[in-house]
Structures are given as structure tokens and as C-alpha cells.
Amino acid sequence: MDSSATKGLTLRSHTGVAYRFDPGALCLELLTTGGPGPYRRYEVLHEPADLATWADRSRLTPTPALKISAAEVTDARRLRDALFQVVLAHTRGEPHPPGDITTINEAAARPALAPAITPTGKRQWAGNPSGTHLVATIAQDAVELLTGPFAHRIRICAAEDCHLIYVDTSRPGRRRWCSMEHCGNRHKVKALRARNSEEG
């Protein structure tokens, strides 16, 4: 799992309110771009510029200057959809779908982004990073997450109408919400209203 960057994506609720969401892993950040089946309506990866924009907002540091083809955008969507199915099965304690596992493993077997140091001591990405390097990096992060010490802490937000997936990296391991300022706050408001109506 890569945690070398500023943590958290800025997302918007269906009412248009912006809030921060830190899924705790690079691969889980990709799941905010759409997904299979009912999540297809949230699709944002349509062309190379969309994948480059996602990479710019991700926890990758620094942002890689990527050359991305349309086929690589398709590869990114394929990996994301496979990862979605595997993670959902994982959170339910179900067997991981073999076809989706193959998709993740095949992507992870390709060359990933390679970090390098500039003469001034700054971090950069070596060579000419492509969309394939990006997809491989995400897939390798997914393998690390699903086989690592936080695999049992991959969760879906506890709000009934939220489907965001995150890994709980907090020390106590009691995180319930995608974001305290969004679903956590909505839960508090709901609980307060319920208490007030009981008292009234």
C-alpha cells in the first residue's frame, strides 16, 4: 500500500457537498471512479485525460507525467471492475472470483512505476511512465493490500446508502464511516433527531 502522499480524495455527495475521503490505499482510490453493474453510472474514466486527472488526485507522489492510450484506459477500467468484485467478495467472506483474481494478477505482473531520485534529492518517476505502468502499480498495491496485514480491515462504509470501500488503518481499528465529516456526521445528526423525537 502506498501512503507516501497527502491522504484523501475530495468527493462530492449527491447533494453537491464536498468532503474528504481517505480509502487508505492507492488501489481503493481507483474504486471511486466507477465500477461494474450498478456502479457503471458513476463512470469517470472515459479517455486518457480522465485517467491522468485521477493519477494527479491520487496518493502517488509526485504525480507521474503519463503517456496514456485509449487501450490503457480500458485496462484501468478492467482492473478496477475486477478489484471491485474481489474486494466485495473479500468483505463478505466469500471466495474471490477466479477470473477477477486473474485480471489483477496479470496487471500486477507488468512493469510498474519505478521511483528515482533527482540530482537535487527529490523523488521522481524513472523513464517514460505509461498507463500500463500506472495500472501495474495499482494492481501491485491491490495484491499487497489483499495479502497483507490490513486485509482483514477492508470495509464498506456503515451508512446504508454509501458504498465507499476503505481499509481501516487506524490503531484501534474501529473506523465505521467513509468520512466522519460526511457519513459519520449524517449518522450523528440522524441519531440526535431520533433522540429528540423520543424525548418530545
# chains A, B, ... in the order shown; residues from 1 in each chain; ligands from 1
$ residues_around --residues "Val135 in chain A" --least-positions-apart "3" --cutoff "9 Å" --atoms "only C-alpha atoms" --output "PyMOL selection string"
chain A and resi 72-73+75-76+79+107-108+110+112+130-132+138-140
$ write_last_selection --atoms "N, CA and C atoms" --output "mmCIF file, in the first residue's frame"
data_model
loop_
_atom_site.group_PDB
_atom_site.id
_atom_site.type_symbol
_atom_site.label_atom_id
_atom_site.label_comp_id
_atom_site.auth_asym_id
_atom_site.auth_seq_id
_atom_site.Cartn_x
_atom_site.Cartn_y
_atom_site.Cartn_z
ATOM 1 N N GLU A 72 -5.167 1.663 -22.707
ATOM 2 C CA GLU A 72 -4.743 1.631 -21.300
ATOM 3 C C GLU A 72 -5.845 2.113 -20.370
ATOM 4 N N VAL A 73 -6.694 3.006 -20.845
ATOM 5 C CA VAL A 73 -7.867 3.430 -20.052
ATOM 6 C C VAL A 73 -8.806 2.238 -19.885
ATOM 7 N N ASP A 75 -7.869 -0.869 -19.917
ATOM 8 C CA ASP A 75 -7.183 -1.754 -18.965
ATOM 9 C C ASP A 75 -7.418 -1.303 -17.524
ATOM 10 N N ALA A 76 -7.387 0.015 -17.297
ATOM 11 C CA ALA A 76 -7.604 0.561 -15.947
ATOM 12 C C ALA A 76 -9.018 0.256 -15.475
ATOM 13 N N LEU A 79 -9.247 -3.492 -14.639
ATOM 14 C CA LEU A 79 -8.638 -3.770 -13.337
ATOM 15 C C LEU A 79 -9.555 -3.297 -12.217
ATOM 16 N N ALA A 107 -2.282 -7.913 -14.444
ATOM 17 C CA ALA A 107 -1.891 -6.494 -14.423
ATOM 18 C C ALA A 107 -0.692 -6.276 -13.504
ATOM 19 N N ALA A 108 -0.683 -6.977 -12.363
ATOM 20 C CA ALA A 108 0.404 -6.819 -11.383
ATOM 21 C C ALA A 108 1.726 -7.365 -11.898
ATOM 22 N N ARG A 110 3.005 -6.912 -14.803
ATOM 23 C CA ARG A 110 3.656 -5.992 -15.743
ATOM 24 C C ARG A 110 4.559 -5.019 -14.985
ATOM 25 N N ALA A 112 5.872 -1.890 -13.195
ATOM 26 C CA ALA A 112 5.179 -0.793 -12.504
ATOM 27 C C ALA A 112 5.997 0.494 -12.603
ATOM 28 N N SER A 130 3.911 5.126 -18.485
ATOM 29 C CA SER A 130 2.735 4.963 -19.343
ATOM 30 C C SER A 130 1.530 4.563 -18.491
ATOM 31 N N GLY A 131 0.398 4.471 -19.153
ATOM 32 C CA GLY A 131 -0.800 3.995 -18.471
ATOM 33 C C GLY A 131 -0.641 2.563 -17.982
ATOM 34 N N THR A 132 0.128 1.765 -18.714
ATOM 35 C CA THR A 132 0.369 0.376 -18.314
ATOM 36 C C THR A 132 1.167 0.328 -17.012
ATOM 37 N N ILE A 138 -1.071 0.041 -9.527
ATOM 38 C CA ILE A 138 -2.335 -0.102 -8.784
ATOM 39 C C ILE A 138 -2.592 -1.574 -8.464
ATOM 40 N N ALA A 139 -2.364 -2.445 -9.454
ATOM 41 C CA ALA A 139 -2.598 -3.881 -9.256
ATOM 42 C C ALA A 139 -1.661 -4.446 -8.194
ATOM 43 N N GLN A 140 -0.393 -4.027 -8.210
ATOM 44 C CA GLN A 140 0.560 -4.500 -7.202
ATOM 45 C C GLN A 140 0.155 -4.020 -5.810
#
$ select_by_dssp --residues "range 60-162 of chain A" --states "helix (DSSP H, G or I)" --output "MDAnalysis selection string"
chainID A and resid 70:91 98:108 131:147 151:153
$ residues_around --residues "Asp81 in chain A" --least-positions-apart "6" --cutoff "9 Å" --atoms "only C-alpha atoms" --output "PDB file with all heavy atoms, in the first residue's frame"
ATOM      1  N   LEU A  31     -11.392   2.794  -6.974  1.00  0.00           N
ATOM      2  CA  LEU A  31     -12.792   2.360  -6.910  1.00  0.00           C
ATOM      3  C   LEU A  31     -13.779   3.525  -6.837  1.00  0.00           C
ATOM      4  O   LEU A  31     -14.983   3.322  -6.960  1.00  0.00           O
ATOM      5  CB  LEU A  31     -13.010   1.425  -5.704  1.00  0.00           C
ATOM      6  CG  LEU A  31     -12.166   0.145  -5.670  1.00  0.00           C
ATOM      7  CD1 LEU A  31     -12.651  -0.769  -4.550  1.00  0.00           C
ATOM      8  CD2 LEU A  31     -12.180  -0.591  -7.000  1.00  0.00           C
ATOM      9  N   GLY A  34     -15.931   4.658 -10.555  1.00  0.00           N
ATOM     10  CA  GLY A  34     -16.993   3.909 -11.227  1.00  0.00           C
ATOM     11  C   GLY A  34     -16.917   2.461 -10.796  1.00  0.00           C
ATOM     12  O   GLY A  34     -16.385   2.157  -9.733  1.00  0.00           O
ATOM     13  N   GLY A  35     -17.406   1.560 -11.638  1.00  0.00           N
ATOM     14  CA  GLY A  35     -17.340   0.145 -11.286  1.00  0.00           C
ATOM     15  C   GLY A  35     -18.290  -0.681 -12.116  1.00  0.00           C
ATOM     16  O   GLY A  35     -18.957  -0.171 -13.019  1.00  0.00           O
ATOM     17  N   PRO A  36     -18.377  -1.969 -11.801  1.00  0.00           N
ATOM     18  CA  PRO A  36     -19.250  -2.856 -12.566  1.00  0.00           C
ATOM     19  C   PRO A  36     -20.721  -2.697 -12.184  1.00  0.00           C
ATOM     20  O   PRO A  36     -21.035  -2.159 -11.128  1.00  0.00           O
ATOM     21  CB  PRO A  36     -18.742  -4.248 -12.173  1.00  0.00           C
ATOM     22  CG  PRO A  36     -18.200  -4.060 -10.780  1.00  0.00           C
ATOM     23  CD  PRO A  36     -17.647  -2.666 -10.728  1.00  0.00           C
ATOM     24  N   ASP A 100     -11.557 -12.610 -11.874  1.00  0.00           N
ATOM     25  CA  ASP A 100     -11.146 -11.276 -11.435  1.00  0.00           C
ATOM     26  C   ASP A 100      -9.756 -11.311 -10.794  1.00  0.00           C
ATOM     27  O   ASP A 100      -8.963 -10.389 -10.957  1.00  0.00           O
ATOM     28  CB  ASP A 100     -12.181 -10.699 -10.462  1.00  0.00           C
ATOM     29  CG  ASP A 100     -13.514 -10.443 -11.148  1.00  0.00           C
ATOM     30  OD1 ASP A 100     -13.495  -9.951 -12.297  1.00  0.00           O
ATOM     31  OD2 ASP A 100     -14.557 -10.743 -10.563  1.00  0.00           O
TER      32      ASP A 100
END
$ atom_distance --atom1 "CA of Pro119 in chain A" --atom2 "CA of Ser58 in chain A"
25.2 Å
$ closest_atom_pairs --of "range 104-161 of chain A" --to "range 89-95 of chain A" --cutoff "12 Å" --atoms "only C-alpha atoms" --output "Markdown table"
| residue | atom | partner | partner_atom | distance |
| --- | --- | --- | --- | --- |
| A:Leu145 | CA | A:His90 | CA | 11.4 |
| A:Leu146 | CA | A:His90 | CA | 8.4 |
| A:Thr147 | CA | A:His90 | CA | 11.1 |
| A:Ala151 | CA | A:His90 | CA | 8.6 |
| A:His152 | CA | A:Thr91 | CA | 8.1 |
| A:Arg153 | CA | A:Thr91 | CA | 8.7 |
| A:Ile154 | CA | A:Thr91 | CA | 6.5 |
| A:Arg155 | CA | A:Thr91 | CA | 6.2 |
| A:Ile156 | CA | A:Thr91 | CA | 7.6 |
| A:Cys157 | CA | A:Thr91 | CA | 11.2 |
$ write_last_selection --atoms "N, CA, C and O atoms" --output "PDB file, in the first residue's frame"
ATOM      1  N   LEU A 145      -2.342  -5.181  -0.510  1.00  0.00           N
ATOM      2  CA  LEU A 145      -3.435  -4.950   0.436  1.00  0.00           C
ATOM      3  C   LEU A 145      -4.165  -6.250   0.768  1.00  0.00           C
ATOM      4  O   LEU A 145      -4.391  -6.570   1.934  1.00  0.00           O
ATOM      5  N   LEU A 146      -4.521  -7.004  -0.259  1.00  0.00           N
ATOM      6  CA  LEU A 146      -5.341  -8.206  -0.064  1.00  0.00           C
ATOM      7  C   LEU A 146      -4.583  -9.359   0.583  1.00  0.00           C
ATOM      8  O   LEU A 146      -5.202 -10.295   1.092  1.00  0.00           O
ATOM      9  N   THR A 147      -3.248  -9.292   0.564  1.00  0.00           N
ATOM     10  CA  THR A 147      -2.456 -10.365   1.173  1.00  0.00           C
ATOM     11  C   THR A 147      -1.674  -9.878   2.390  1.00  0.00           C
ATOM     12  O   THR A 147      -0.937 -10.644   2.998  1.00  0.00           O
ATOM     13  N   ALA A 151      -5.508  -6.755   5.476  1.00  0.00           N
ATOM     14  CA  ALA A 151      -6.530  -7.397   4.624  1.00  0.00           C
ATOM     15  C   ALA A 151      -7.852  -7.584   5.373  1.00  0.00           C
ATOM     16  O   ALA A 151      -8.930  -7.427   4.796  1.00  0.00           O
ATOM     17  N   HIS A 152      -7.763  -7.885   6.677  1.00  0.00           N
ATOM     18  CA  HIS A 152      -8.985  -8.105   7.464  1.00  0.00           C
ATOM     19  C   HIS A 152      -9.662  -6.791   7.847  1.00  0.00           C
ATOM     20  O   HIS A 152     -10.738  -6.798   8.436  1.00  0.00           O
ATOM     21  N   ARG A 153      -9.027  -5.663   7.480  1.00  0.00           N
ATOM     22  CA  ARG A 153      -9.618  -4.370   7.840  1.00  0.00           C
ATOM     23  C   ARG A 153     -10.208  -3.630   6.633  1.00  0.00           C
ATOM     24  O   ARG A 153     -10.471  -2.440   6.694  1.00  0.00           O
ATOM     25  N   ILE A 154     -10.395  -4.334   5.532  1.00  0.00           N
ATOM     26  CA  ILE A 154     -11.045  -3.713   4.369  1.00  0.00           C
ATOM     27  C   ILE A 154     -12.540  -3.698   4.650  1.00  0.00           C
ATOM     28  O   ILE A 154     -13.134  -4.729   4.958  1.00  0.00           O
ATOM     29  N   ARG A 155     -13.135  -2.516   4.570  1.00  0.00           N
ATOM     30  CA  ARG A 155     -14.549  -2.379   4.972  1.00  0.00           C
ATOM     31  C   ARG A 155     -15.335  -1.530   3.981  1.00  0.00           C
ATOM     32  O   ARG A 155     -14.770  -0.739   3.230  1.00  0.00           O
ATOM     33  N   ILE A 156     -16.653  -1.667   4.072  1.00  0.00           N
ATOM     34  CA  ILE A 156     -17.575  -0.808   3.330  1.00  0.00           C
ATOM     35  C   ILE A 156     -18.179   0.146   4.348  1.00  0.00           C
ATOM     36  O   ILE A 156     -18.510  -0.263   5.466  1.00  0.00           O
ATOM     37  N   CYS A 157     -18.337   1.397   3.966  1.00  0.00           N
ATOM     38  CA  CYS A 157     -18.924   2.399   4.865  1.00  0.00           C
ATOM     39  C   CYS A 157     -20.217   1.862   5.476  1.00  0.00           C
ATOM     40  O   CYS A 157     -21.030   1.228   4.791  1.00  0.00           O
TER      41      CYS A 157
END
$ atom_distance --atom1 "CA of Pro149 in chain A" --atom2 "CA of Pro97 in chain A"
21.2 Å
$ closest_residue --among "A:Phe150, A:Leu66, A:Arg57, A:Ala52" --to "Thr169 in chain A" --atoms "only C-alpha atoms"
A:Phe150
$ closest_residue --among "A:Cys162, A:Ile117, A:Ala82, A:Ala55" --to "Pro129 in chain A" --atoms "only C-alpha atoms"
A:Ala55
$ atom_distance --atom1 "CA of Thr137 in chain A" --atom2 "CA of Thr33 in chain A"
16.7 Å
$ select_by_dssp --residues "range 20-129 of chain A" --states "strand (DSSP E)" --output "list of chain:residue names"
A:Arg20, A:Phe21, A:Pro115, A:Ala116, A:Ile117, A:Arg123, A:Gln124, A:Trp125
$ closest_residue --among "A:Pro115, A:Cys183, A:Glu43, A:Ile165" --to "Val86 in chain A" --atoms "only C-alpha atoms"
A:Ile165
$ closest_residue --among "A:His163, A:Ala18, A:Asp168, A:Ala109" --to "Thr32 in chain A" --atoms "only C-alpha atoms"
A:His163
$ closest_residue --among "A:Ala159, A:Ile101, A:Ala65, A:Leu60" --to "Arg78 in chain A" --atoms "only C-alpha atoms"
A:Ile101
$ residues_around --residues "Leu9 in chain A" --least-positions-apart "4" --cutoff "9 Å" --atoms "only C-alpha atoms" --output "list in words"
Tyr19, Arg20, Phe21, Asp22, Pro23, Glu29, Arg57, Ser58 and Arg59 of chain A
$ closest_residue --among "A:Thr103, A:Ser179, A:Thr63, A:Ser170" --to "Gln124 in chain A" --atoms "only C-alpha atoms"
A:Thr63
